[in-house]
file upload_15.txt (compact mmCIF, C-alpha atoms and all ligand atoms)
# COMPACT_ATOMS: atom_id res chain seq x y z
CA MET A 1 12.98 7.32 24.40
CA ARG A 2 10.45 8.42 21.79
CA LYS A 3 7.03 6.82 22.11
CA ILE A 4 5.04 6.29 18.93
CA ASP A 5 1.38 5.65 19.57
CA ILE A 6 -0.18 3.36 16.98
CA ALA A 7 -3.66 1.93 16.50
CA VAL A 8 -3.53 -1.71 15.44
CA ILE A 9 -6.41 -3.22 13.43
CA PRO A 10 -5.68 -6.85 12.50
CA GLY A 11 -9.12 -7.05 10.82
CA ASP A 12 -10.17 -10.35 9.25
CA GLY A 13 -8.69 -13.55 7.88
CA ILE A 14 -4.92 -13.62 7.51
CA GLY A 15 -4.75 -10.07 8.92
CA ARG A 16 -5.10 -11.85 12.27
CA GLU A 17 -2.07 -14.00 11.52
CA VAL A 18 0.35 -11.56 9.89
CA VAL A 19 -0.33 -8.53 12.10
CA PRO A 20 0.51 -10.07 15.51
CA GLU A 21 3.57 -11.76 13.98
CA SER A 22 4.77 -8.47 12.49
CA LEU A 23 4.33 -6.73 15.85
CA ARG A 24 6.79 -9.19 17.37
CA ILE A 25 9.33 -8.06 14.79
CA LEU A 26 8.53 -4.35 15.28
CA ASP A 27 9.14 -4.71 19.01
CA LEU A 28 12.47 -6.40 18.38
CA LEU A 29 13.48 -3.66 15.92
CA SER A 30 12.74 -0.93 18.46
CA GLU A 31 14.84 -2.87 20.99
CA ILE A 32 17.73 -3.12 18.50
CA HIS A 33 17.48 0.59 17.69
CA GLY A 34 16.97 1.71 21.26
CA GLY A 35 15.62 5.18 20.43
CA PHE A 36 11.91 4.55 20.03
CA LYS A 37 9.10 2.32 21.18
CA PHE A 38 5.69 1.58 19.70
CA GLU A 39 2.78 1.96 22.12
CA LYS A 40 0.05 -0.18 20.61
CA LYS A 41 -3.69 -0.11 21.09
CA LEU A 42 -5.62 -2.98 19.56
CA TYR A 43 -8.97 -2.35 17.85
CA PRO A 44 -11.20 -5.34 17.02
CA TYR A 45 -12.93 -3.76 14.01
CA SER A 46 -13.74 -6.61 11.65
CA CYS A 47 -16.56 -8.75 10.30
CA ASP A 48 -16.80 -10.42 13.75
CA TYR A 49 -17.43 -6.99 15.22
CA TYR A 50 -20.10 -6.44 12.56
CA GLU A 51 -21.90 -9.65 13.43
CA GLU A 52 -22.04 -8.62 17.06
CA HIS A 53 -22.86 -4.91 16.65
CA GLY A 54 -24.42 -4.51 13.20
CA LYS A 55 -21.60 -2.19 12.09
CA MET A 56 -17.90 -2.49 11.42
CA MET A 57 -16.92 0.15 14.00
CA PRO A 58 -18.63 2.00 16.85
CA ASP A 59 -20.04 5.46 16.10
CA ASP A 60 -16.99 7.14 17.62
CA GLY A 61 -14.58 4.71 15.90
CA PHE A 62 -13.04 7.33 13.60
CA GLN A 63 -12.73 9.71 16.55
CA GLN A 64 -10.86 7.09 18.61
CA LEU A 65 -8.51 6.19 15.77
CA SER A 66 -7.80 9.85 15.01
CA GLN A 67 -6.01 10.17 18.39
CA HIS A 68 -3.13 7.92 17.31
CA ASP A 69 0.09 8.76 15.47
CA ALA A 70 -0.55 6.08 12.82
CA ILE A 71 -2.76 3.12 12.00
CA PHE A 72 -1.27 -0.32 11.32
CA LEU A 73 -3.89 -2.37 9.49
CA GLY A 74 -4.03 -5.99 8.36
CA ALA A 75 -6.95 -6.60 6.01
CA ILE A 76 -10.70 -6.30 6.16
CA GLY A 77 -13.31 -8.50 4.53
CA ASP A 78 -15.17 -11.77 4.75
CA PRO A 79 -17.64 -11.70 1.87
CA LYS A 80 -19.46 -14.85 3.04
CA ARG A 81 -20.55 -13.00 6.19
CA VAL A 82 -20.60 -9.27 5.33
CA PRO A 83 -20.98 -7.76 1.84
CA ASP A 84 -17.60 -6.35 0.78
CA HIS A 85 -18.87 -2.85 0.00
CA ILE A 86 -20.17 -2.51 3.57
CA ALA A 87 -17.11 -4.02 5.24
CA LEU A 88 -14.61 -1.96 3.24
CA TRP A 89 -16.42 1.38 2.96
CA GLN A 90 -17.11 1.42 6.72
CA THR A 91 -13.43 0.82 7.46
CA VAL A 92 -10.49 0.99 5.04
CA ILE A 93 -12.00 3.19 2.34
CA GLY A 94 -13.85 5.37 4.87
CA LEU A 95 -10.62 5.88 6.83
CA ARG A 96 -8.62 6.86 3.75
CA ARG A 97 -11.19 9.58 3.00
CA GLU A 98 -12.04 10.71 6.53
CA PHE A 99 -8.36 11.02 7.47
CA GLN A 100 -7.49 12.84 4.23
CA GLN A 101 -4.89 10.26 3.26
CA VAL A 102 -4.42 11.91 -0.10
CA ILE A 103 -1.39 9.91 -1.20
CA ASN A 104 -0.93 6.20 -1.62
CA LEU A 105 2.63 4.88 -1.78
CA ARG A 106 3.48 1.50 -3.23
CA PRO A 107 7.11 0.40 -3.54
CA VAL A 108 7.92 -2.11 -6.25
CA LYS A 109 11.25 -3.93 -6.00
CA SER A 110 12.72 -7.19 -7.20
CA LEU A 111 13.69 -8.96 -3.97
CA LYS A 112 16.74 -11.20 -3.93
CA GLY A 113 15.73 -14.85 -3.79
CA ILE A 114 12.38 -14.36 -5.54
CA THR A 115 11.92 -15.10 -9.22
CA SER A 116 9.85 -12.46 -10.96
CA PRO A 117 7.32 -13.71 -13.52
CA LEU A 118 9.18 -11.44 -15.97
CA ARG A 119 11.64 -13.23 -18.21
CA GLY A 120 15.31 -12.67 -17.51
CA ASP A 121 16.88 -11.56 -14.28
CA LYS A 122 15.37 -8.10 -14.01
CA ASN A 123 16.59 -5.82 -11.28
CA PHE A 124 14.11 -3.06 -10.45
CA ASP A 125 13.43 -0.77 -7.52
CA PHE A 126 10.88 2.00 -7.85
CA ILE A 127 7.89 3.49 -6.10
CA VAL A 128 4.42 4.39 -7.36
CA VAL A 129 2.97 7.58 -5.85
CA ARG A 130 -0.78 7.52 -6.41
CA GLU A 131 -3.28 10.33 -5.85
CA ASN A 132 -5.67 8.78 -3.35
CA SER A 133 -8.63 11.14 -2.95
CA GLU A 134 -10.20 12.24 -6.23
CA GLY A 135 -9.52 12.04 -9.98
CA GLU A 136 -11.35 9.28 -11.81
CA TYR A 137 -12.78 7.93 -8.52
CA SER A 138 -15.42 10.56 -7.88
CA GLN A 139 -19.09 10.29 -7.15
CA VAL A 140 -19.92 13.08 -9.58
CA GLY A 141 -22.25 11.94 -12.32
CA GLY A 142 -25.35 9.85 -12.61
CA THR A 143 -27.56 7.74 -14.82
CA ILE A 144 -30.75 8.73 -16.60
CA HIS A 145 -33.34 7.08 -18.88
CA GLN A 146 -33.84 3.40 -19.38
CA ASP A 147 -33.25 0.52 -21.76
CA ASN A 148 -31.72 1.61 -25.05
CA ASP A 149 -31.84 5.25 -23.98
CA GLU A 150 -29.94 4.68 -20.75
CA ILE A 151 -27.04 7.08 -20.15
CA ALA A 152 -24.29 6.86 -17.54
CA ILE A 153 -22.09 9.89 -16.87
CA GLN A 154 -18.99 9.69 -14.71
CA THR A 155 -17.08 12.91 -14.15
CA ASN A 156 -13.39 13.05 -13.24
CA VAL A 157 -12.44 15.61 -10.63
CA PHE A 158 -8.94 17.10 -10.63
CA THR A 159 -8.39 19.92 -8.14
CA ARG A 160 -5.28 22.06 -8.27
CA LYS A 161 -4.71 21.43 -4.57
CA ALA A 162 -4.62 17.63 -4.76
CA THR A 163 -2.83 17.54 -8.11
CA GLU A 164 -0.10 19.90 -6.93
CA GLY A 165 0.05 18.03 -3.62
CA VAL A 166 0.74 14.62 -5.12
CA ILE A 167 3.12 15.89 -7.82
CA ASP A 168 5.11 17.97 -5.35
CA PHE A 169 5.33 15.00 -2.97
CA ALA A 170 6.66 12.85 -5.83
CA PHE A 171 9.31 15.45 -6.74
CA GLN A 172 10.49 15.54 -3.12
CA LEU A 173 10.67 11.77 -3.04
CA ALA A 174 12.62 11.68 -6.32
CA ASN A 175 14.94 14.28 -4.84
CA ASP A 176 15.58 11.98 -1.85
CA ARG A 177 16.04 8.93 -4.08
CA ASN A 178 17.64 8.68 -7.51
CA HIS A 179 16.51 11.95 -9.10
CA LYS A 180 14.22 10.54 -11.72
CA LEU A 181 10.46 11.11 -11.92
CA THR A 182 8.02 9.62 -14.41
CA SER A 183 4.51 11.00 -14.74
CA ALA A 184 1.67 8.77 -15.95
CA THR A 185 -0.48 10.72 -18.37
CA LYS A 186 -2.95 10.28 -21.20
CA SER A 187 -3.15 13.81 -22.54
CA ASN A 188 -3.78 12.57 -26.06
CA GLY A 189 -7.10 10.95 -25.14
CA LEU A 190 -8.35 12.73 -22.02
CA TYR A 191 -9.05 16.23 -23.27
CA HIS A 192 -9.22 18.27 -20.06
CA SER A 193 -7.88 16.41 -17.05
CA MET A 194 -4.53 15.16 -18.31
CA PRO A 195 -3.39 18.36 -20.10
CA PHE A 196 -4.10 20.04 -16.73
CA TRP A 197 -2.12 17.31 -14.92
CA ASN A 198 0.80 17.84 -17.35
CA ARG A 199 0.68 21.60 -16.83
CA VAL A 200 0.86 21.26 -13.04
CA PHE A 201 3.71 18.77 -13.48
CA THR A 202 5.68 21.22 -15.64
CA GLU A 203 5.04 24.12 -13.23
CA THR A 204 6.19 22.05 -10.25
CA GLU A 205 9.26 20.85 -12.13
CA ALA A 206 10.51 24.44 -12.26
CA LYS A 207 10.93 24.35 -8.45
CA TYR A 208 13.31 21.39 -8.53
CA GLU A 209 16.78 21.11 -9.95
CA ASP A 210 18.57 18.01 -11.15
CA ILE A 211 15.54 15.79 -11.52
CA GLU A 212 15.25 13.94 -14.77
CA THR A 213 11.58 13.84 -15.77
CA GLU A 214 9.46 12.06 -18.34
CA LEU A 215 5.76 12.11 -19.20
CA ILE A 216 4.59 8.75 -20.51
CA HIS A 217 1.11 7.78 -21.65
CA ILE A 218 -0.41 5.20 -19.35
CA ASP A 219 -0.76 2.54 -22.05
CA ALA A 220 2.91 2.69 -23.00
CA LEU A 221 3.91 2.98 -19.35
CA SER A 222 2.09 -0.25 -18.50
CA ALA A 223 4.00 -1.99 -21.26
CA PHE A 224 7.31 -0.59 -19.91
CA PHE A 225 6.52 -2.12 -16.49
CA VAL A 226 6.91 -5.44 -18.27
CA THR A 227 9.69 -4.66 -20.74
CA LYS A 228 11.96 -2.28 -18.78
CA PRO A 229 10.93 -1.92 -15.12
CA GLU A 230 14.56 -1.21 -14.25
CA SER A 231 14.27 2.21 -15.91
CA PHE A 232 12.03 3.73 -13.20
CA ASP A 233 12.70 5.44 -9.88
CA VAL A 234 9.57 7.38 -8.81
CA ILE A 235 6.30 7.31 -10.75
CA VAL A 236 3.46 9.73 -10.06
CA ALA A 237 -0.06 8.90 -11.18
CA SER A 238 -3.70 9.83 -10.81
CA ASN A 239 -6.02 7.64 -8.75
CA LEU A 240 -7.12 5.20 -11.48
CA PHE A 241 -3.77 5.04 -13.29
CA GLY A 242 -1.95 4.57 -9.98
CA ASP A 243 -4.34 1.83 -8.93
CA ILE A 244 -3.71 -0.18 -12.08
CA LEU A 245 0.04 0.46 -12.13
CA SER A 246 0.54 -0.55 -8.52
CA ASP A 247 -1.27 -3.87 -8.97
CA LEU A 248 0.87 -4.54 -12.02
CA GLY A 249 3.87 -3.59 -9.88
CA GLY A 250 2.77 -6.13 -7.27
CA ALA A 251 2.45 -8.79 -9.96
CA ILE A 252 5.97 -8.35 -11.34
CA MET A 253 7.40 -8.71 -7.83
CA GLY A 254 6.29 -12.34 -7.72
CA SER A 255 3.50 -12.63 -5.10
CA ILE A 256 0.64 -10.48 -3.90
CA GLY A 257 1.66 -11.59 -0.42
CA ILE A 258 4.75 -9.36 -0.37
CA ALA A 259 3.43 -5.99 -1.63
CA PRO A 260 3.17 -3.12 0.91
CA SER A 261 1.38 0.22 0.88
CA ALA A 262 1.07 3.44 2.85
CA ASN A 263 -1.80 5.95 2.85
CA ILE A 264 -0.30 9.29 3.74
CA ASN A 265 -2.02 12.25 5.36
CA LEU A 266 -0.11 15.37 4.31
CA ASN A 267 -1.68 18.10 6.45
CA GLY A 268 -0.86 16.48 9.80
CA LYS A 269 -4.46 16.65 11.00
CA TYR A 270 -5.00 12.90 10.97
CA PRO A 271 -2.90 9.73 11.18
CA SER A 272 -1.48 8.02 8.12
CA MET A 273 -2.39 4.36 7.61
CA PHE A 274 -0.12 1.45 6.71
CA GLU A 275 -1.56 -1.73 5.16
CA PRO A 276 -0.38 -4.47 2.84
CA VAL A 277 -1.81 -4.63 -0.68
CA HIS A 278 -3.33 -8.08 -0.20
CA GLY A 279 -6.74 -8.74 1.32
CA SER A 280 -7.88 -11.11 4.08
CA ALA A 281 -7.38 -14.24 1.92
CA PRO A 282 -10.18 -16.33 3.48
CA ASP A 283 -9.08 -19.26 1.30
CA ILE A 284 -5.87 -19.73 3.28
CA TYR A 285 -6.86 -18.33 6.68
CA GLY A 286 -6.16 -20.58 9.67
CA LYS A 287 -3.53 -22.67 7.89
CA ASN A 288 -0.47 -20.72 9.03
CA ILE A 289 0.73 -20.37 5.42
CA ALA A 290 0.11 -16.65 4.79
CA ASN A 291 3.19 -14.79 3.65
CA PRO A 292 3.93 -12.11 6.27
CA ILE A 293 6.33 -10.12 4.04
CA GLY A 294 3.61 -7.73 2.78
CA GLN A 295 2.76 -6.81 6.38
CA LEU A 296 6.44 -6.60 7.39
CA TRP A 297 7.36 -4.40 4.42
CA THR A 298 4.37 -2.24 5.39
CA ALA A 299 5.93 -1.96 8.85
CA LYS A 300 9.12 -0.79 7.13
CA LEU A 301 7.15 1.99 5.43
CA MET A 302 5.80 3.00 8.84
CA LEU A 303 9.31 3.06 10.28
CA GLU A 304 10.45 5.29 7.41
CA HIS A 305 7.44 7.56 7.96
CA PHE A 306 8.65 8.19 11.51
CA GLY A 307 12.24 8.78 10.36
CA TYR A 308 13.74 5.32 11.02
CA GLU A 309 14.88 4.51 7.53
CA GLU A 310 17.99 2.62 8.53
CA ILE A 311 16.21 0.16 10.77
CA GLY A 312 13.58 -0.27 8.05
CA ASN A 313 16.32 -1.13 5.56
CA LEU A 314 17.80 -3.60 8.03
CA LEU A 315 14.41 -5.33 8.15
CA LEU A 316 14.03 -5.64 4.36
CA ASN A 317 17.66 -6.65 3.83
CA THR A 318 17.35 -9.39 6.44
CA ILE A 319 14.15 -10.64 4.78
CA GLU A 320 16.05 -10.81 1.48
CA GLU A 321 18.84 -12.82 3.11
CA LEU A 322 16.27 -15.34 4.33
CA LEU A 323 14.68 -15.58 0.87
CA VAL A 324 18.08 -16.28 -0.68
CA ASP A 325 18.45 -19.14 1.85
CA ASN A 326 15.06 -20.44 0.65
CA VAL A 327 13.28 -19.54 3.87
CA LYS A 328 9.92 -18.96 2.16
CA THR A 329 6.19 -19.46 2.59
CA PRO A 330 4.32 -21.73 0.11
CA ASP A 331 3.17 -18.87 -2.19
CA LEU A 332 6.87 -18.42 -3.04
CA GLY A 333 7.47 -22.14 -3.40
CA GLY A 334 8.81 -22.71 0.12
CA ASN A 335 7.61 -24.83 3.02
CA TYR A 336 7.85 -22.40 5.94
CA GLY A 337 4.70 -21.51 7.84
CA THR A 338 3.92 -17.89 8.79
CA THR A 339 5.14 -18.43 12.36
CA GLU A 340 8.25 -20.36 11.29
CA PHE A 341 9.20 -17.60 8.85
CA ILE A 342 8.83 -15.00 11.60
CA ASP A 343 10.83 -17.17 14.05
CA ALA A 344 13.66 -17.40 11.51
CA LEU A 345 13.55 -13.64 10.91
CA PHE A 346 13.52 -12.97 14.64
CA GLU A 347 16.62 -15.08 15.21
CA LYS A 348 18.48 -13.55 12.27
CA LEU A 349 17.68 -10.00 13.37
CA LYS A 350 18.77 -10.75 16.92
CA LYS A 351 22.22 -11.70 15.62
CA GLN A 352 22.67 -8.35 13.79
P1 LIG B 1 -6.79 -11.43 -1.40
O1 LIG B 1 -5.62 -10.53 -1.58
O2 LIG B 1 -7.27 -11.60 -0.03
O3 LIG B 1 -6.43 -12.87 -1.99
C1 LIG B 1 -6.12 -13.10 -3.35
C2 LIG B 1 -5.30 -14.38 -3.51
O4 LIG B 1 -3.96 -14.14 -3.03
C3 LIG B 1 -5.84 -15.53 -2.67
O5 LIG B 1 -5.67 -16.74 -3.37
C4 LIG B 1 -4.98 -15.52 -1.44
O6 LIG B 1 -4.85 -16.77 -0.81
C5 LIG B 1 -3.65 -15.00 -1.95
N1 LIG B 1 -2.95 -14.22 -0.93
C6 LIG B 1 -3.27 -12.97 -0.51
N2 LIG B 1 -2.43 -12.56 0.45
C7 LIG B 1 -1.57 -13.57 0.65
C8 LIG B 1 -0.46 -13.76 1.53
N3 LIG B 1 -0.07 -12.81 2.40
N4 LIG B 1 0.21 -14.93 1.46
C9 LIG B 1 -0.15 -15.88 0.59
N5 LIG B 1 -1.18 -15.77 -0.26
C10 LIG B 1 -1.88 -14.62 -0.23
O7 LIG B 1 -7.94 -10.88 -2.34
P2 LIG B 1 -9.47 -11.37 -2.47
O8 LIG B 1 -9.54 -12.86 -2.36
O9 LIG B 1 -9.98 -10.71 -3.67
O10 LIG B 1 -10.24 -10.72 -1.24
C11 LIG B 1 -10.50 -11.39 -0.01
C12 LIG B 1 -11.14 -10.39 0.94
O11 LIG B 1 -10.20 -9.34 1.25
C13 LIG B 1 -12.36 -9.68 0.36
O12 LIG B 1 -13.29 -9.49 1.39
C14 LIG B 1 -11.81 -8.34 -0.12
O13 LIG B 1 -12.77 -7.33 -0.19
C15 LIG B 1 -10.80 -8.07 0.97
N6 LIG B 1 -9.74 -7.12 0.60
C16 LIG B 1 -9.40 -6.22 1.56
C17 LIG B 1 -8.39 -5.31 1.33
C18 LIG B 1 -8.03 -4.38 2.43
O14 LIG B 1 -8.41 -4.58 3.57
N7 LIG B 1 -7.29 -3.33 2.13
C19 LIG B 1 -7.66 -5.29 0.06
C20 LIG B 1 -8.06 -6.32 -0.88
C21 LIG B 1 -9.09 -7.19 -0.61
MG MG B 2 -6.27 -2.12 -6.79

call {"tool": "encode", "arguments": {"input": "upload_15.txt", "output": "structure tokens", "more": "lines below"}}
Ligand code: NAI
Ligand code: MG
result
Amino acid sequence: MRKIDIAVIPGDGIGREVVPESLRILDLLSEIHGGFKFEKKLYPYSCDYYEEHGKMMPDDGFQQLSQHDAIFLGAIGDPKRVPDHIALWQTVIGLRREFQQVINLRPVKSLKGITSPLRGDKNFDFIVVRENSEGEYSQVGGTIHQDNDEIAIQTNVFTRKATEGVIDFAFQLANDRNHKLTSATKSNGLYHSMPFWNRVFTETEAKYEDIETELIHIDALSAFFVTKPESFDVIVASNLFGDILSDLGGAIMGSIGIAPSANINLNGKYPSMFEPVHGSAPDIYGKNIANPIGQLWTAKLMLEHFGYEEIGNLLLNTIEELLVDNVKTPDLGGNYGTTEFIDALFEKLKKQ
């Protein structure tokens, strides 16, 4: 029996509702599969922890987390108690950087039983691969002078290493999926960075056979998310472009409560981290109405990461069956609570 050692950080708000519920399902899935088991260690890092200790994590927090095979995170943040930039930089954002999680993966798929805000019955299933460590989100630059003379300079940083890394990863993923890769570019407007990005893309393409590729400017690509999302398979994008595209992807799926993400460490030195796209939703915390699908789909990504794709697919397919039967939380127009949804999923999985 393979043991997978994960650090669990429920965090704040609805993270504390959807994480424990998702762990119940993960345990059941490992029972059904029989070949692996998650060993879980719970970490209380959150705004409560901050109020008690004056920081979001102890000084050796990163060191402790680095010992695990992966991190399963809910959401961090309670802006009424701790300023968001402190809460998030000391945890989520700090972890992504410290653990060199250079790639962010965000699947976008029309789930059966959910009506997309897009008109017509669109059927789409693609994944956004976002560079997660540099690009437009750099701290290079500064401001000088004041008043009318004030100048702000923000420099984009594109290294060959990270650019090749993310593009190569996307080609491999396209190779494992439906052999189509779209690259988000803007080489008509961004004079240096995007022509470089395109060049690395073309060089990498030469290593792969049978992958249909396209380079699309980010403005047109955003429009295509709305008009023809069914045309995509894998999309690779820089940090800023990927950020915007993946939120748009979340929106066309029908609820922020269902979107998952994975932050992947490629060099094997640190754990990867799995977290839903949504935040801690203080407005609905404590009401047992949070949609757990984002956290569950995130668990599916973690299962895939460790090689258990089939059991991950079983999870998502079973969720879709429930949605078709109108077993839904209020954000999707249903009347199931978080716990009731999980109970129904548990029973349905047990019958598989
Ligand atoms: P949010 O995603 O927490 O909530 C936005 C809206 O979506 C709210 O109306 C909320 O009720 C709803 N919502 C979110 N998840 C839902 C779910 N699973 N089921 C049903 N409805 C759901 O974003 P917001 O309000 O901007 O941020 C709240 C806190 O979360 C802030 O402190 C923010 O910094 C933090 N945050 C943390 C993230 C992380 O830990 N990775 C990511 C995004 C925000
Ligand atoms: Mg975003």

call {"tool": "residues_around", "arguments": {"input": "upload_15.txt", "residues": "Trp297 in chain A", "least_positions_apart": "5", "cutoff": "12 Å", "atoms": "all atoms listed in the file", "output": "NGL selection string"}}
result
:A and (18-19 or 22 or 25-26 or 72 or 106-109 or 111 or 257-262 or 274-277 or 291-292 or 302-304 or 311-320)

call {"tool": "write_last_selection", "arguments": {"input": "upload_15.txt", "atoms": "C-alpha atoms", "output": "JSON list (two decimals), in the frame of the given file"}}
result
[["chain", "number", "residue", "atom", "x", "y", "z"],
["A", 18, "VAL", "CA", 0.35, -11.56, 9.89],
["A", 19, "VAL", "CA", -0.33, -8.53, 12.10],
["A", 22, "SER", "CA", 4.77, -8.47, 12.49],
["A", 25, "ILE", "CA", 9.33, -8.06, 14.79],
["A", 26, "LEU", "CA", 8.53, -4.35, 15.28],
["A", 72, "PHE", "CA", -1.27, -0.32, 11.32],
["A", 106, "ARG", "CA", 3.48, 1.50, -3.23],
["A", 107, "PRO", "CA", 7.11, 0.40, -3.54],
["A", 108, "VAL", "CA", 7.92, -2.11, -6.25],
["A", 109, "LYS", "CA", 11.25, -3.93, -6.00],
["A", 111, "LEU", "CA", 13.69, -8.96, -3.97],
["A", 257, "GLY", "CA", 1.66, -11.59, -0.42],
["A", 258, "ILE", "CA", 4.75, -9.36, -0.37],
["A", 259, "ALA", "CA", 3.43, -5.99, -1.63],
["A", 260, "PRO", "CA", 3.17, -3.12, 0.91],
["A", 261, "SER", "CA", 1.38, 0.22, 0.88],
["A", 262, "ALA", "CA", 1.07, 3.44, 2.85],
["A", 274, "PHE", "CA", -0.12, 1.45, 6.71],
["A", 275, "GLU", "CA", -1.56, -1.73, 5.16],
["A", 276, "PRO", "CA", -0.38, -4.47, 2.84],
["A", 277, "VAL", "CA", -1.81, -4.63, -0.68],
["A", 291, "ASN", "CA", 3.19, -14.79, 3.65],
["A", 292, "PRO", "CA", 3.93, -12.11, 6.27],
["A", 302, "MET", "CA", 5.80, 3.00, 8.84],
["A", 303, "LEU", "CA", 9.31, 3.06, 10.28],
["A", 304, "GLU", "CA", 10.45, 5.29, 7.41],
["A", 311, "ILE", "CA", 16.21, 0.16, 10.77],
["A", 312, "GLY", "CA", 13.58, -0.27, 8.05],
["A", 313, "ASN", "CA", 16.32, -1.13, 5.56],
["A", 314, "LEU", "CA", 17.80, -3.60, 8.03],
["A", 315, "LEU", "CA", 14.41, -5.33, 8.15],
["A", 316, "LEU", "CA", 14.03, -5.64, 4.36],
["A", 317, "ASN", "CA", 17.66, -6.65, 3.83],
["A", 318, "THR", "CA", 17.35, -9.39, 6.44],
["A", 319, "ILE", "CA", 14.15, -10.64, 4.78],
["A", 320, "GLU", "CA", 16.05, -10.81, 1.48]]

call {"tool": "residues_around", "arguments": {"input": "upload_15.txt", "residues": "Gly94 in chain A", "least_positions_apart": "6", "cutoff": "12 Å", "atoms": "all atoms listed in the file", "output": "list in words"}}
result
Met56, Met57, Gly61, Phe62, His85, Ile86, Ala87, Leu88, Gln100, Gln101, Ser133 and Met273 of chain A

call {"tool": "residues_around", "arguments": {"input": "upload_15.txt", "residues": "His217 in chain A", "least_positions_apart": "4", "cutoff": "7 Å", "atoms": "all atoms listed in the file", "output": "list in words"}}
result
Ala184, Thr185, Lys186 and Leu221 of chain A

call {"tool": "write_last_selection", "arguments": {"input": "upload_15.txt", "atoms": "C-alpha atoms", "output": "PDB file, in the coordinates of the input"}}
result
ATOM      1  CA  ALA A 184       1.670   8.770 -15.950  1.00  0.00           C
ATOM      2  CA  THR A 185      -0.480  10.720 -18.370  1.00  0.00           C
ATOM      3  CA  LYS A 186      -2.950  10.280 -21.200  1.00  0.00           C
ATOM      4  CA  LEU A 221       3.910   2.980 -19.350  1.00  0.00           C
TER       5      LEU A 221
END

call {"tool": "closest_residue", "arguments": {"input": "upload_15.txt", "among": "A:Ala237, A:Ile264, A:Leu65, A:Ala152", "to": "Ile103 in chain A", "atoms": "only C-alpha atoms"}}
result
A:Ile264

call {"tool": "closest_atom_pairs", "arguments": {"input": "upload_15.txt", "of": "chain A", "to": "ligand MG 2 (chain B)", "cutoff": "9 Å", "atoms": "only C-alpha atoms and all ligand atoms", "output": "JSON lines"}}
result
{"residue": "A:Leu240", "atom": "CA", "partner": "B:MG2", "partner_atom": "MG", "distance": 8.7}
{"residue": "A:Gly242", "atom": "CA", "partner": "B:MG2", "partner_atom": "MG", "distance": 8.6}
{"residue": "A:Asp243", "atom": "CA", "partner": "B:MG2", "partner_atom": "MG", "distance": 4.9}
{"residue": "A:Ile244", "atom": "CA", "partner": "B:MG2", "partner_atom": "MG", "distance": 6.2}
{"residue": "A:Leu245", "atom": "CA", "partner": "B:MG2", "partner_atom": "MG", "distance": 8.7}
{"residue": "A:Ser246", "atom": "CA", "partner": "B:MG2", "partner_atom": "MG", "distance": 7.2}
{"residue": "A:Asp247", "atom": "CA", "partner": "B:MG2", "partner_atom": "MG", "distance": 5.7}
{"residue": "A:Val277", "atom": "CA", "partner": "B:MG2", "partner_atom": "MG", "distance": 8.0}

call {"tool": "axis_aligned_box", "arguments": {"input": "upload_15.txt", "around": "range 122-140 of chain A", "padding_each_side": "5 Å", "output": "AutoDock Vina command-line options"}}
result
--center_x -1.7 --center_y 2.5 --center_z -8.5 --size_x 46.5 --size_y 31.2 --size_z 21.1

call {"tool": "residues_near_ligand", "arguments": {"input": "upload_15.txt", "ligand": "ligand LIG 1 (chain B)", "cutoff": "7 Å", "atoms": "all atoms listed in the file", "output": "PyMOL selection string"}}
result
chain A and resi 74-79+84+88+92+256-258+275+277-284+289-292+294+331

call {"tool": "atom_distance", "arguments": {"input": "upload_15.txt", "atom1": "CA of Thr115 in chain A", "atom2": "CA of Leu301 in chain A"}}
result
23.0 Å

call {"tool": "atom_distance", "arguments": {"input": "upload_15.txt", "atom1": "CA of Asn267 in chain A", "atom2": "CA of Ala170 in chain A"}}
result
15.7 Å

call {"tool": "residues_around", "arguments": {"input": "upload_15.txt", "residues": "Asp125 in chain A", "least_positions_apart": "6", "cutoff": "12 Å", "atoms": "all atoms listed in the file", "output": "PDB file with C-alpha atoms, keeping the file's coordinate frame"}}
result
ATOM      1  CA  ARG A 106       3.480   1.500  -3.230  1.00  0.00           C
ATOM      2  CA  PRO A 107       7.110   0.400  -3.540  1.00  0.00           C
ATOM      3  CA  VAL A 108       7.920  -2.110  -6.250  1.00  0.00           C
ATOM      4  CA  LYS A 109      11.250  -3.930  -6.000  1.00  0.00           C
ATOM      5  CA  SER A 110      12.720  -7.190  -7.200  1.00  0.00           C
ATOM      6  CA  LEU A 111      13.690  -8.960  -3.970  1.00  0.00           C
ATOM      7  CA  LYS A 112      16.740 -11.200  -3.930  1.00  0.00           C
ATOM      8  CA  ARG A 177      16.040   8.930  -4.080  1.00  0.00           C
ATOM      9  CA  ASN A 178      17.640   8.680  -7.510  1.00  0.00           C
ATOM     10  CA  PHE A 225       6.520  -2.120 -16.490  1.00  0.00           C
ATOM     11  CA  LYS A 228      11.960  -2.280 -18.780  1.00  0.00           C
ATOM     12  CA  PRO A 229      10.930  -1.920 -15.120  1.00  0.00           C
ATOM     13  CA  GLU A 230      14.560  -1.210 -14.250  1.00  0.00           C
ATOM     14  CA  SER A 231      14.270   2.210 -15.910  1.00  0.00           C
ATOM     15  CA  PHE A 232      12.030   3.730 -13.200  1.00  0.00           C
ATOM     16  CA  ASP A 233      12.700   5.440  -9.880  1.00  0.00           C
ATOM     17  CA  VAL A 234       9.570   7.380  -8.810  1.00  0.00           C
ATOM     18  CA  ILE A 235       6.300   7.310 -10.750  1.00  0.00           C
ATOM     19  CA  GLY A 249       3.870  -3.590  -9.880  1.00  0.00           C
ATOM     20  CA  GLY A 250       2.770  -6.130  -7.270  1.00  0.00           C
ATOM     21  CA  ILE A 252       5.970  -8.350 -11.340  1.00  0.00           C
ATOM     22  CA  MET A 253       7.400  -8.710  -7.830  1.00  0.00           C
TER      23      MET A 253
END
